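A.B. asks: The structure file target01.txt (compact mmCIF, N, CA and C atoms) is provided below.
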# COMPACT_ATOMS: atom_id res chain seq x y z
N MET A 26 0.84 -1.18 0.00
CA MET A 26 0.00 0.00 0.00
C MET A 26 0.88 1.25 0.00
N ARG A 27 0.57 2.18 -0.87
CA ARG A 27 1.34 3.41 -0.97
C ARG A 27 0.97 4.38 0.14
N LYS A 28 1.96 5.15 0.56
CA LYS A 28 1.71 6.18 1.56
C LYS A 28 0.99 7.34 0.89
N ARG A 29 0.12 7.98 1.63
CA ARG A 29 -0.60 9.13 1.10
C ARG A 29 0.17 10.39 1.43
N ILE A 30 0.38 11.21 0.42
CA ILE A 30 1.14 12.44 0.58
C ILE A 30 0.26 13.50 1.24
N ALA A 31 0.78 14.08 2.31
CA ALA A 31 0.07 15.15 3.00
C ALA A 31 0.48 16.51 2.46
N LYS A 32 1.78 16.68 2.18
CA LYS A 32 2.26 17.99 1.74
C LYS A 32 3.62 17.84 1.07
N VAL A 33 3.87 18.68 0.08
CA VAL A 33 5.18 18.77 -0.56
C VAL A 33 5.65 20.21 -0.40
N VAL A 34 6.85 20.37 0.18
CA VAL A 34 7.37 21.70 0.47
C VAL A 34 8.74 21.86 -0.18
N LYS A 35 8.94 22.99 -0.86
CA LYS A 35 10.24 23.32 -1.43
C LYS A 35 10.86 24.42 -0.58
N MET A 36 12.11 24.20 -0.16
CA MET A 36 12.80 25.18 0.68
C MET A 36 14.25 25.31 0.27
N GLU A 37 14.87 26.37 0.71
CA GLU A 37 16.31 26.55 0.58
C GLU A 37 16.86 26.70 1.99
N LEU A 38 17.71 25.77 2.38
CA LEU A 38 18.26 25.76 3.73
C LEU A 38 19.78 25.84 3.67
N PRO A 39 20.41 26.30 4.75
CA PRO A 39 21.87 26.34 4.76
C PRO A 39 22.43 24.92 4.86
N GLY A 40 23.39 24.60 4.02
CA GLY A 40 23.97 23.26 3.99
C GLY A 40 24.66 22.90 5.30
N GLY A 41 24.32 21.73 5.84
CA GLY A 41 24.94 21.24 7.06
C GLY A 41 24.56 22.00 8.31
N ASP A 42 23.59 22.92 8.21
CA ASP A 42 23.26 23.77 9.35
C ASP A 42 21.76 24.04 9.47
N ALA A 43 20.94 23.08 9.07
CA ALA A 43 19.49 23.26 9.21
C ALA A 43 19.12 23.04 10.67
N HIS A 44 18.18 23.82 11.15
CA HIS A 44 17.72 23.66 12.52
C HIS A 44 16.21 23.87 12.57
N PRO A 45 15.55 23.29 13.58
CA PRO A 45 14.10 23.40 13.67
C PRO A 45 13.67 24.87 13.71
N GLY A 46 12.57 25.15 13.06
CA GLY A 46 12.07 26.51 13.03
C GLY A 46 10.78 26.60 12.24
N PRO A 47 10.28 27.81 12.02
CA PRO A 47 9.01 27.98 11.33
C PRO A 47 9.01 27.45 9.90
N LYS A 48 10.17 27.51 9.22
CA LYS A 48 10.22 26.99 7.85
C LYS A 48 9.87 25.51 7.84
N LEU A 49 10.43 24.77 8.77
CA LEU A 49 10.19 23.33 8.80
C LEU A 49 8.86 22.97 9.43
N ALA A 50 8.35 23.82 10.29
CA ALA A 50 7.07 23.54 10.93
C ALA A 50 5.96 23.45 9.89
N SER A 51 6.07 24.25 8.84
CA SER A 51 5.03 24.24 7.81
C SER A 51 5.03 22.92 7.04
N ALA A 52 6.14 22.19 7.06
CA ALA A 52 6.22 20.93 6.33
C ALA A 52 5.47 19.81 7.04
N GLY A 53 5.30 19.92 8.36
CA GLY A 53 4.58 18.89 9.10
C GLY A 53 5.38 17.61 9.28
N VAL A 54 6.69 17.73 9.46
CA VAL A 54 7.54 16.56 9.65
C VAL A 54 8.20 16.62 11.02
N ASN A 55 8.78 15.50 11.43
CA ASN A 55 9.55 15.46 12.67
C ASN A 55 10.81 16.30 12.43
N MET A 56 10.83 17.51 12.97
CA MET A 56 11.89 18.45 12.66
C MET A 56 13.26 17.97 13.11
N ALA A 57 13.35 17.39 14.28
CA ALA A 57 14.65 16.94 14.79
C ALA A 57 15.24 15.86 13.88
N LYS A 58 14.43 14.91 13.47
CA LYS A 58 14.92 13.84 12.59
C LYS A 58 15.31 14.40 11.23
N PHE A 59 14.49 15.29 10.67
CA PHE A 59 14.82 15.87 9.39
C PHE A 59 16.14 16.63 9.46
N CYS A 60 16.30 17.46 10.49
CA CYS A 60 17.53 18.25 10.61
C CYS A 60 18.76 17.35 10.72
N THR A 61 18.65 16.29 11.50
CA THR A 61 19.78 15.35 11.64
C THR A 61 20.12 14.72 10.30
N ASP A 62 19.11 14.22 9.58
CA ASP A 62 19.33 13.58 8.28
C ASP A 62 19.88 14.58 7.25
N PHE A 63 19.26 15.75 7.19
CA PHE A 63 19.67 16.77 6.22
C PHE A 63 21.09 17.23 6.49
N ASN A 64 21.42 17.52 7.74
CA ASN A 64 22.75 17.99 8.07
C ASN A 64 23.81 16.93 7.78
N ALA A 65 23.48 15.66 7.98
CA ALA A 65 24.42 14.59 7.68
C ALA A 65 24.70 14.51 6.18
N LYS A 66 23.66 14.68 5.36
CA LYS A 66 23.83 14.58 3.90
C LYS A 66 24.46 15.82 3.28
N THR A 67 24.33 16.97 3.93
CA THR A 67 24.83 18.21 3.34
C THR A 67 26.00 18.81 4.12
N GLY A 68 26.63 18.04 4.96
CA GLY A 68 27.76 18.54 5.75
C GLY A 68 28.90 19.05 4.90
N ASP A 69 29.11 18.46 3.72
CA ASP A 69 30.18 18.89 2.83
C ASP A 69 29.83 20.17 2.08
N ARG A 70 28.59 20.63 2.18
CA ARG A 70 28.14 21.85 1.49
C ARG A 70 27.88 22.98 2.48
N ARG A 71 28.57 22.96 3.61
CA ARG A 71 28.41 23.98 4.64
C ARG A 71 28.70 25.37 4.07
N GLY A 72 27.86 26.32 4.37
CA GLY A 72 28.02 27.68 3.87
C GLY A 72 27.33 27.93 2.55
N GLN A 73 26.77 26.91 1.93
CA GLN A 73 26.05 27.07 0.67
C GLN A 73 24.55 27.00 0.92
N VAL A 74 23.80 27.57 0.01
CA VAL A 74 22.34 27.44 0.04
C VAL A 74 22.00 26.12 -0.64
N VAL A 75 21.21 25.29 0.03
CA VAL A 75 20.88 23.97 -0.51
C VAL A 75 19.36 23.86 -0.68
N PRO A 76 18.88 23.82 -1.92
CA PRO A 76 17.45 23.61 -2.14
C PRO A 76 17.07 22.17 -1.80
N VAL A 77 15.93 22.01 -1.20
CA VAL A 77 15.45 20.68 -0.83
C VAL A 77 13.95 20.61 -1.07
N ILE A 78 13.49 19.44 -1.52
CA ILE A 78 12.06 19.20 -1.69
C ILE A 78 11.67 18.13 -0.68
N ILE A 79 10.81 18.50 0.24
CA ILE A 79 10.38 17.59 1.31
C ILE A 79 8.98 17.10 1.00
N THR A 80 8.82 15.78 1.00
CA THR A 80 7.51 15.17 0.82
C THR A 80 7.08 14.61 2.17
N ALA A 81 6.05 15.20 2.76
CA ALA A 81 5.53 14.74 4.05
C ALA A 81 4.32 13.84 3.79
N TYR A 82 4.27 12.72 4.50
CA TYR A 82 3.18 11.77 4.35
C TYR A 82 2.22 11.88 5.53
N GLU A 83 1.03 11.35 5.36
CA GLU A 83 0.01 11.45 6.41
C GLU A 83 0.40 10.73 7.69
N ASP A 84 1.26 9.72 7.60
CA ASP A 84 1.69 9.00 8.80
C ASP A 84 2.87 9.68 9.50
N LYS A 85 3.14 10.94 9.14
CA LYS A 85 4.19 11.79 9.71
C LYS A 85 5.60 11.38 9.30
N SER A 86 5.73 10.46 8.36
CA SER A 86 7.05 10.15 7.82
C SER A 86 7.34 11.13 6.69
N PHE A 87 8.55 11.12 6.17
CA PHE A 87 8.90 12.05 5.13
C PHE A 87 10.05 11.51 4.28
N ASP A 88 10.17 12.07 3.09
CA ASP A 88 11.30 11.86 2.20
C ASP A 88 11.77 13.24 1.77
N PHE A 89 13.04 13.35 1.41
CA PHE A 89 13.48 14.62 0.86
C PHE A 89 14.51 14.38 -0.22
N VAL A 90 14.51 15.32 -1.18
CA VAL A 90 15.43 15.28 -2.31
C VAL A 90 16.26 16.55 -2.26
N ILE A 91 17.57 16.39 -2.29
CA ILE A 91 18.47 17.53 -2.25
C ILE A 91 18.84 17.92 -3.68
N LYS A 92 18.73 19.20 -3.98
CA LYS A 92 19.05 19.72 -5.30
C LYS A 92 20.41 20.43 -5.25
N THR A 93 20.88 20.87 -6.42
CA THR A 93 22.15 21.59 -6.47
C THR A 93 21.94 23.05 -6.08
N THR A 94 23.01 23.68 -5.65
CA THR A 94 22.99 25.08 -5.25
C THR A 94 22.52 25.95 -6.42
N PRO A 95 21.73 26.99 -6.18
CA PRO A 95 21.29 27.88 -7.26
C PRO A 95 22.47 28.49 -8.03
N VAL A 96 22.23 28.87 -9.26
CA VAL A 96 23.28 29.38 -10.14
C VAL A 96 23.86 30.71 -9.63
N ALA A 97 23.03 31.62 -9.18
CA ALA A 97 23.51 32.95 -8.80
C ALA A 97 24.61 32.91 -7.73
N PRO A 98 24.44 32.19 -6.63
CA PRO A 98 25.54 32.14 -5.64
C PRO A 98 26.81 31.51 -6.21
N LEU A 99 26.68 30.54 -7.10
CA LEU A 99 27.85 29.93 -7.70
C LEU A 99 28.61 30.93 -8.57
N ILE A 100 27.86 31.73 -9.33
CA ILE A 100 28.48 32.74 -10.19
C ILE A 100 29.17 33.81 -9.33
N LEU A 101 28.49 34.27 -8.30
CA LEU A 101 29.07 35.29 -7.43
C LEU A 101 30.35 34.79 -6.76
N LYS A 102 30.33 33.55 -6.33
CA LYS A 102 31.52 32.96 -5.70
C LYS A 102 32.67 32.88 -6.70
N ALA A 103 32.38 32.46 -7.92
CA ALA A 103 33.41 32.35 -8.96
C ALA A 103 33.97 33.73 -9.31
N ALA A 104 33.12 34.75 -9.30
CA ALA A 104 33.56 36.10 -9.65
C ALA A 104 34.18 36.83 -8.46
N GLY A 105 34.01 36.28 -7.26
CA GLY A 105 34.56 36.92 -6.07
C GLY A 105 33.78 38.16 -5.66
N LEU A 106 32.48 38.13 -5.87
CA LEU A 106 31.63 39.28 -5.56
C LEU A 106 30.61 38.91 -4.49
N GLU A 107 30.08 39.93 -3.83
CA GLU A 107 29.02 39.71 -2.85
C GLU A 107 27.65 39.79 -3.49
N LYS A 108 27.52 40.65 -4.52
CA LYS A 108 26.25 40.75 -5.24
C LYS A 108 26.49 41.20 -6.66
N GLY A 109 25.52 40.93 -7.49
CA GLY A 109 25.62 41.31 -8.90
C GLY A 109 25.14 42.74 -9.10
N SER A 110 25.08 43.15 -10.35
CA SER A 110 24.64 44.49 -10.71
C SER A 110 23.12 44.57 -10.68
N GLY A 111 22.61 45.72 -10.32
CA GLY A 111 21.17 45.95 -10.38
C GLY A 111 20.71 46.20 -11.80
N ASN A 112 21.67 46.52 -12.67
CA ASN A 112 21.38 46.81 -14.07
C ASN A 112 22.21 45.86 -14.92
N ALA A 113 21.58 45.09 -15.79
CA ALA A 113 22.27 44.08 -16.57
C ALA A 113 23.33 44.69 -17.49
N LYS A 114 23.20 45.97 -17.83
CA LYS A 114 24.17 46.60 -18.73
C LYS A 114 25.43 47.07 -18.00
N THR A 115 25.39 47.12 -16.68
CA THR A 115 26.54 47.54 -15.89
C THR A 115 27.34 46.31 -15.50
N ILE A 116 28.56 46.21 -16.00
CA ILE A 116 29.42 45.06 -15.72
C ILE A 116 30.14 45.30 -14.40
N VAL A 117 29.98 44.38 -13.47
CA VAL A 117 30.60 44.52 -12.15
C VAL A 117 31.70 43.49 -11.90
N GLY A 118 31.83 42.51 -12.76
CA GLY A 118 32.85 41.49 -12.58
C GLY A 118 32.89 40.57 -13.78
N SER A 119 33.75 39.54 -13.68
CA SER A 119 33.84 38.59 -14.78
C SER A 119 34.24 37.22 -14.27
N ILE A 120 33.93 36.21 -15.07
CA ILE A 120 34.37 34.84 -14.81
C ILE A 120 34.98 34.31 -16.11
N THR A 121 35.77 33.26 -15.99
CA THR A 121 36.39 32.67 -17.17
C THR A 121 35.46 31.64 -17.78
N ASP A 122 35.76 31.26 -19.01
CA ASP A 122 34.98 30.22 -19.67
C ASP A 122 35.10 28.89 -18.91
N ALA A 123 36.27 28.62 -18.31
CA ALA A 123 36.46 27.40 -17.54
C ALA A 123 35.55 27.38 -16.30
N GLN A 124 35.41 28.53 -15.64
CA GLN A 124 34.51 28.63 -14.49
C GLN A 124 33.07 28.44 -14.93
N LEU A 125 32.71 29.01 -16.08
CA LEU A 125 31.37 28.85 -16.64
C LEU A 125 31.08 27.37 -16.89
N THR A 126 32.03 26.67 -17.48
CA THR A 126 31.88 25.24 -17.77
C THR A 126 31.73 24.44 -16.48
N GLU A 127 32.51 24.77 -15.47
CA GLU A 127 32.45 24.08 -14.18
C GLU A 127 31.07 24.25 -13.53
N ILE A 128 30.56 25.47 -13.55
CA ILE A 128 29.23 25.73 -12.97
C ILE A 128 28.16 24.99 -13.76
N ALA A 129 28.25 25.01 -15.09
CA ALA A 129 27.27 24.33 -15.94
C ALA A 129 27.29 22.82 -15.70
N GLN A 130 28.47 22.23 -15.54
CA GLN A 130 28.55 20.79 -15.26
C GLN A 130 27.91 20.45 -13.92
N TYR A 131 28.14 21.30 -12.92
CA TYR A 131 27.57 21.08 -11.60
C TYR A 131 26.04 21.16 -11.63
N LYS A 132 25.50 22.15 -12.39
CA LYS A 132 24.06 22.38 -12.43
C LYS A 132 23.31 21.49 -13.41
N LEU A 133 24.02 20.81 -14.31
CA LEU A 133 23.39 20.05 -15.39
C LEU A 133 22.27 19.10 -14.92
N PRO A 134 22.42 18.36 -13.82
CA PRO A 134 21.32 17.46 -13.42
C PRO A 134 20.00 18.17 -13.10
N ASP A 135 20.06 19.42 -12.67
CA ASP A 135 18.84 20.14 -12.29
C ASP A 135 18.32 21.09 -13.36
N LEU A 136 19.04 21.24 -14.45
CA LEU A 136 18.58 22.13 -15.53
C LEU A 136 17.70 21.36 -16.50
N ASN A 137 16.90 22.09 -17.25
CA ASN A 137 16.00 21.45 -18.22
C ASN A 137 16.66 21.34 -19.58
N CYS A 138 17.87 20.79 -19.59
CA CYS A 138 18.59 20.55 -20.83
C CYS A 138 19.41 19.27 -20.65
N GLU A 139 19.91 18.75 -21.75
CA GLU A 139 20.60 17.47 -21.67
C GLU A 139 22.08 17.55 -22.00
N ASP A 140 22.53 18.62 -22.65
CA ASP A 140 23.95 18.68 -22.99
C ASP A 140 24.62 19.88 -22.34
N LEU A 141 25.93 19.80 -22.26
CA LEU A 141 26.72 20.82 -21.56
C LEU A 141 26.65 22.17 -22.25
N GLU A 142 26.61 22.21 -23.57
CA GLU A 142 26.56 23.49 -24.29
C GLU A 142 25.28 24.26 -23.96
N ALA A 143 24.17 23.56 -23.89
CA ALA A 143 22.90 24.21 -23.53
C ALA A 143 22.95 24.70 -22.09
N ALA A 144 23.55 23.92 -21.20
CA ALA A 144 23.69 24.32 -19.80
C ALA A 144 24.57 25.57 -19.69
N LYS A 145 25.63 25.63 -20.49
CA LYS A 145 26.50 26.80 -20.48
C LYS A 145 25.74 28.05 -20.93
N LYS A 146 24.85 27.90 -21.91
CA LYS A 146 24.06 29.04 -22.37
C LYS A 146 23.11 29.54 -21.28
N ILE A 147 22.54 28.61 -20.53
CA ILE A 147 21.64 28.99 -19.44
C ILE A 147 22.40 29.75 -18.37
N VAL A 148 23.56 29.24 -17.98
CA VAL A 148 24.38 29.89 -16.95
C VAL A 148 24.90 31.23 -17.46
N ALA A 149 25.28 31.30 -18.73
CA ALA A 149 25.76 32.55 -19.32
C ALA A 149 24.65 33.61 -19.30
N GLY A 150 23.41 33.20 -19.53
CA GLY A 150 22.28 34.13 -19.45
C GLY A 150 22.13 34.70 -18.05
N SER A 151 22.33 33.85 -17.05
CA SER A 151 22.27 34.33 -15.66
C SER A 151 23.41 35.32 -15.41
N CYS A 152 24.59 35.03 -15.95
CA CYS A 152 25.72 35.95 -15.80
C CYS A 152 25.38 37.31 -16.40
N ARG A 153 24.83 37.32 -17.60
CA ARG A 153 24.48 38.58 -18.27
C ARG A 153 23.51 39.40 -17.41
N GLN A 154 22.50 38.72 -16.86
CA GLN A 154 21.50 39.42 -16.05
C GLN A 154 22.10 39.98 -14.76
N MET A 155 23.18 39.37 -14.29
CA MET A 155 23.81 39.82 -13.05
C MET A 155 24.92 40.85 -13.30
N GLY A 156 25.19 41.16 -14.58
CA GLY A 156 26.24 42.11 -14.91
C GLY A 156 27.63 41.52 -14.79
N ILE A 157 27.75 40.25 -15.10
CA ILE A 157 29.05 39.56 -15.01
C ILE A 157 29.44 39.09 -16.41
N ALA A 158 30.63 39.52 -16.83
CA ALA A 158 31.12 39.19 -18.16
C ALA A 158 31.81 37.83 -18.14
N ILE A 159 31.86 37.18 -19.30
CA ILE A 159 32.54 35.89 -19.45
C ILE A 159 33.72 36.11 -20.37
N LYS A 160 34.91 35.76 -19.88
CA LYS A 160 36.13 35.97 -20.67
C LYS A 160 36.71 34.65 -21.11
Could the structure of this file be written out as structure tokens, please?
C.D. replies:
Amino acid sequence: MRKRIAKVVKMELPGGDAHPGPKLASAGVNMAKFCTDFNAKTGDRRGQVVPVIITAYEDKSFDFVIKTTPVAPLILKAAGLEKGSGNAKTIVGSITDAQLTEIAQYKLPDLNCEDLEAAKKIVAGSCRQMGIAIK
């Protein structure tokens, strides 16, 4: 017999440092167990934003899927910046083509494309919108 899904929640939590709070209360799961499991799986990603999809079941059990870090923080880290430009035409930094390729390879499983060249175009578009040039 399949478990009945009570709720599906998408969140972004700090890697290796999730703790019980209002964000998790809305999911309707055992917060202490989730935090322990999540922190164990994301301990190597400490300091990064980690998207997670939590599926809570009616019997109070849960499953979760960890996604890759969003593109914007990866680009900012590669460029050595704290934030991008408010205007896409104002260039505030740059990354190399090798850094672009590295980010695209990392994000490829979560993007809606199948090859690396398409992933690079998606990441390059994010760079343009943030005012970051690719050299």
A.B. asks: For a test of reading the model, state the distance in Å between atom C of A:Leu133 and atom N of A:Cys60, rounded to one decimal.
C.D. replies: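 Separating atom C of A:Leu133 from atom N of A:Cys60 is a distance of 26.2 Å.
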A.B. asks: According to DSSP computed on the backbone, where in chain A is there alpha helix (DSSP H)? Give the residues as a CSV table (one decimal) with N, CA and C atoms, in the coordinates of the input.
C.D. replies:
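So the final result, stored in result.csv, reads:
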chain,number,residue,atom,x,y,z
A,47,PRO,N,10.3,27.8,12.0
A,47,PRO,CA,9.0,28.0,11.3
A,47,PRO,C,9.0,27.4,9.9
A,48,LYS,N,10.2,27.5,9.2
A,48,LYS,CA,10.2,27.0,7.8
A,48,LYS,C,9.9,25.5,7.8
A,49,LEU,N,10.4,24.8,8.8
A,49,LEU,CA,10.2,23.3,8.8
A,49,LEU,C,8.9,23.0,9.4
A,50,ALA,N,8.4,23.8,10.3
A,50,ALA,CA,7.1,23.5,10.9
A,50,ALA,C,6.0,23.4,9.9
A,56,MET,N,10.8,17.5,13.0
A,56,MET,CA,11.9,18.4,12.7
A,56,MET,C,13.3,18.0,13.1
A,57,ALA,N,13.4,17.4,14.3
A,57,ALA,CA,14.6,16.9,14.8
A,57,ALA,C,15.2,15.9,13.9
A,58,LYS,N,14.4,14.9,13.5
A,58,LYS,CA,14.9,13.8,12.6
A,58,LYS,C,15.3,14.4,11.2
A,59,PHE,N,14.5,15.3,10.7
A,59,PHE,CA,14.8,15.9,9.4
A,59,PHE,C,16.1,16.6,9.5
A,60,CYS,N,16.3,17.5,10.5
A,60,CYS,CA,17.5,18.2,10.6
A,60,CYS,C,18.8,17.4,10.7
A,61,THR,N,18.6,16.3,11.5
A,61,THR,CA,19.8,15.4,11.6
A,61,THR,C,20.1,14.7,10.3
A,62,ASP,N,19.1,14.2,9.6
A,62,ASP,CA,19.3,13.6,8.3
A,62,ASP,C,19.9,14.6,7.2
A,63,PHE,N,19.3,15.8,7.2
A,63,PHE,CA,19.7,16.8,6.2
A,63,PHE,C,21.1,17.2,6.5
A,64,ASN,N,21.4,17.5,7.7
A,64,ASN,CA,22.8,18.0,8.1
A,64,ASN,C,23.8,16.9,7.8
A,65,ALA,N,23.5,15.7,8.0
A,65,ALA,CA,24.4,14.6,7.7
A,65,ALA,C,24.7,14.5,6.2
A,66,LYS,N,23.7,14.7,5.4
A,66,LYS,CA,23.8,14.6,3.9
A,66,LYS,C,24.5,15.8,3.3
A,96,VAL,N,22.2,28.9,-9.3
A,96,VAL,CA,23.3,29.4,-10.1
A,96,VAL,C,23.9,30.7,-9.6
A,97,ALA,N,23.0,31.6,-9.2
A,97,ALA,CA,23.5,33.0,-8.8
A,97,ALA,C,24.6,32.9,-7.7
A,98,PRO,N,24.4,32.2,-6.6
A,98,PRO,CA,25.5,32.1,-5.6
A,98,PRO,C,26.8,31.5,-6.2
A,99,LEU,N,26.7,30.5,-7.1
A,99,LEU,CA,27.8,29.9,-7.7
A,99,LEU,C,28.6,30.9,-8.6
A,100,ILE,N,27.9,31.7,-9.3
A,100,ILE,CA,28.5,32.7,-10.2
A,100,ILE,C,29.2,33.8,-9.3
A,101,LEU,N,28.5,34.3,-8.3
A,101,LEU,CA,29.1,35.3,-7.4
A,101,LEU,C,30.4,34.8,-6.8
A,102,LYS,N,30.3,33.6,-6.3
A,102,LYS,CA,31.5,33.0,-5.7
A,102,LYS,C,32.7,32.9,-6.7
A,103,ALA,N,32.4,32.5,-7.9
A,103,ALA,CA,33.4,32.4,-9.0
A,103,ALA,C,34.0,33.7,-9.3
A,104,ALA,N,33.1,34.8,-9.3
A,104,ALA,CA,33.6,36.1,-9.6
A,104,ALA,C,34.2,36.8,-8.5
A,122,ASP,N,35.8,31.3,-19.0
A,122,ASP,CA,35.0,30.2,-19.7
A,122,ASP,C,35.1,28.9,-18.9
A,123,ALA,N,36.3,28.6,-18.3
A,123,ALA,CA,36.5,27.4,-17.5
A,123,ALA,C,35.6,27.4,-16.3
A,124,GLN,N,35.4,28.5,-15.6
A,124,GLN,CA,34.5,28.6,-14.5
A,124,GLN,C,33.1,28.4,-14.9
A,125,LEU,N,32.7,29.0,-16.1
A,125,LEU,CA,31.4,28.8,-16.6
A,125,LEU,C,31.1,27.4,-16.9
A,126,THR,N,32.0,26.7,-17.5
A,126,THR,CA,31.9,25.2,-17.8
A,126,THR,C,31.7,24.4,-16.5
A,127,GLU,N,32.5,24.8,-15.5
A,127,GLU,CA,32.4,24.1,-14.2
A,127,GLU,C,31.1,24.2,-13.5
A,128,ILE,N,30.6,25.5,-13.6
A,128,ILE,CA,29.2,25.7,-13.0
A,128,ILE,C,28.2,25.0,-13.8
A,129,ALA,N,28.2,25.0,-15.1
A,129,ALA,CA,27.3,24.3,-15.9
A,129,ALA,C,27.3,22.8,-15.7
A,130,GLN,N,28.5,22.2,-15.5
A,130,GLN,CA,28.6,20.8,-15.3
A,130,GLN,C,27.9,20.4,-13.9
A,131,TYR,N,28.1,21.3,-12.9
A,131,TYR,CA,27.6,21.1,-11.6
A,131,TYR,C,26.0,21.2,-11.6
A,132,LYS,N,25.5,22.2,-12.4
A,132,LYS,CA,24.1,22.4,-12.4
A,132,LYS,C,23.3,21.5,-13.4
A,141,LEU,N,25.9,19.8,-22.3
A,141,LEU,CA,26.7,20.8,-21.6
A,141,LEU,C,26.6,22.2,-22.2
A,142,GLU,N,26.6,22.2,-23.6
A,142,GLU,CA,26.6,23.5,-24.3
A,142,GLU,C,25.3,24.3,-24.0
A,143,ALA,N,24.2,23.6,-23.9
A,143,ALA,CA,22.9,24.2,-23.5
A,143,ALA,C,23.0,24.7,-22.1
A,144,ALA,N,23.6,23.9,-21.2
A,144,ALA,CA,23.7,24.3,-19.8
A,144,ALA,C,24.6,25.6,-19.7
A,145,LYS,N,25.6,25.6,-20.5
A,145,LYS,CA,26.5,26.8,-20.5
A,145,LYS,C,25.7,28.0,-20.9
A,146,LYS,N,24.8,27.9,-21.9
A,146,LYS,CA,24.1,29.0,-22.4
A,146,LYS,C,23.1,29.5,-21.3
A,147,ILE,N,22.5,28.6,-20.5
A,147,ILE,CA,21.6,29.0,-19.4
A,147,ILE,C,22.4,29.8,-18.4
A,148,VAL,N,23.6,29.2,-18.0
A,148,VAL,CA,24.4,29.9,-17.0
A,148,VAL,C,24.9,31.2,-17.5
A,149,ALA,N,25.3,31.3,-18.7
A,149,ALA,CA,25.8,32.6,-19.3
A,149,ALA,C,24.6,33.6,-19.3
A,150,GLY,N,23.4,33.2,-19.5
A,150,GLY,CA,22.3,34.1,-19.4
A,150,GLY,C,22.1,34.7,-18.0
A,151,SER,N,22.3,33.8,-17.0
A,151,SER,CA,22.3,34.3,-15.7
A,151,SER,C,23.4,35.3,-15.4
A,152,CYS,N,24.6,35.0,-16.0
A,152,CYS,CA,25.7,36.0,-15.8
A,152,CYS,C,25.4,37.3,-16.4
A,153,ARG,N,24.8,37.3,-17.6
A,153,ARG,CA,24.5,38.6,-18.3
A,153,ARG,C,23.5,39.4,-17.4
A,154,GLN,N,22.5,38.7,-16.9
A,154,GLN,CA,21.5,39.4,-16.0
A,154,GLN,C,22.1,40.0,-14.8
A,155,MET,N,23.2,39.4,-14.3
A,155,MET,CA,23.8,39.8,-13.0
A,155,MET,C,24.9,40.8,-13.3
A.B. asks: In Å, how far is it from atom C of A:Lys58 to atom C of A:Arg29?
C.D. replies: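 Atom-to-atom, atom C of A:Lys58 and atom C of A:Arg29 are spaced 18.5 Å apart.
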A.B. asks: Can you work out the spacing between atom C of A:Gln124 and atom N of A:Cys138 in Å, to one decimal?
C.D. replies: 17.6 Å
A.B. asks: Quick one: residues within 6.5 Å of A:Gly156, only N, CA and C atoms, excluding same-chain residues fewer than 5 positions away - as a VMD selection string?
C.D. replies: chain A and resid 109 to 110 112 to 118 151
A.B. asks: I want to know what sits within 10 Å of stretch 62-77 of chain A, based on only C-alpha atoms, with residues of the same chain fewer than 6 positions away left out; could you give that as a list in words?
C.D. replies: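 Answer for this query is Val34, Lys35, Met36, Glu37, Leu38, Pro39, Gly40, Gly41, Asp42, Ala43, His44, Met56, Phe89, Val90, Ile91, Lys92, Thr93, Thr94, Pro95, Pro98 and Leu99 of chain A.
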A.B. asks: Could you tell me which of A:Ala31, A:Ala129, A:Ala52, A:Leu106 comes closest to A:Ala143 if we count only C-alpha atoms?
C.D. replies: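 Residue with the minimum atom-to-atom distance to A:Ala143: A:Ala129.
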A.B. asks: Select, from A:Ala144, A:Leu125, A:Val33, A:Ala103, the residue with the minimum atom-to-atom distance to A:Ile78, counting all atoms listed in the file.
C.D. replies: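 Of A:Ala144, A:Leu125, A:Val33, A:Ala103, the one nearest A:Ile78, counting all atoms listed in the file, is A:Val33.
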A.B. asks: What box, with edges along x, y and z, holds each listed atom of stretch 34-53 of chain A when 5 Å is added on every side, and can you state its centre and edge lengths in Å to one decimal, as lines of an AutoDock Vina configuration file?
C.D. replies:
center_x = 14.8
center_y = 22.8
center_z = 6.1
size_x = 30.4
size_y = 20.4
size_z = 25.1
A.B. asks: Looking only at the backbone, which of the residues in chain A does DSSP tag as strand (DSSP E or B), as a VMD selection string?
C.D. replies: chain A and resid 30 to 39 74 to 82 87 to 91 118 to 120 157 to 159
A.B. asks: Restricting the calculation to all atoms listed in the file, which member of A:Met155, A:Ile120, A:Val54, A:Ile128 is positioned closest to A:Ser86?
C.D. replies: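 Nearest candidate to A:Ser86 out of A:Met155, A:Ile120, A:Val54, A:Ile128: A:Val54.
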A.B. asks: Taking (30.3, 25.5, -17.0) in the coordinates of the supplied file, I want to know which residues reach to within 8 Å of it, counting all atoms listed in the file; could you give the answer as a PyMOL selection string?
C.D. replies: chain A and resi 122-132+141+144-146+148-149
A.B. asks: Which is closer to A:Lys160 than all the others in A:Ala104, A:Asp135, A:Ala81, A:Asp140, using only C-alpha atoms?
C.D. replies: A:Ala104
A.B. asks: For each of A:Phe59, A:Ile100, A:Leu136, A:Lys28, take the minimum atom-to-atom distance to A:Tyr82, counting all atoms listed in the file, then give the residue where this is smallest.
C.D. replies: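 Going through A:Phe59, A:Ile100, A:Leu136, A:Lys28 one by one, the smallest distance to A:Tyr82 is for A:Lys28.
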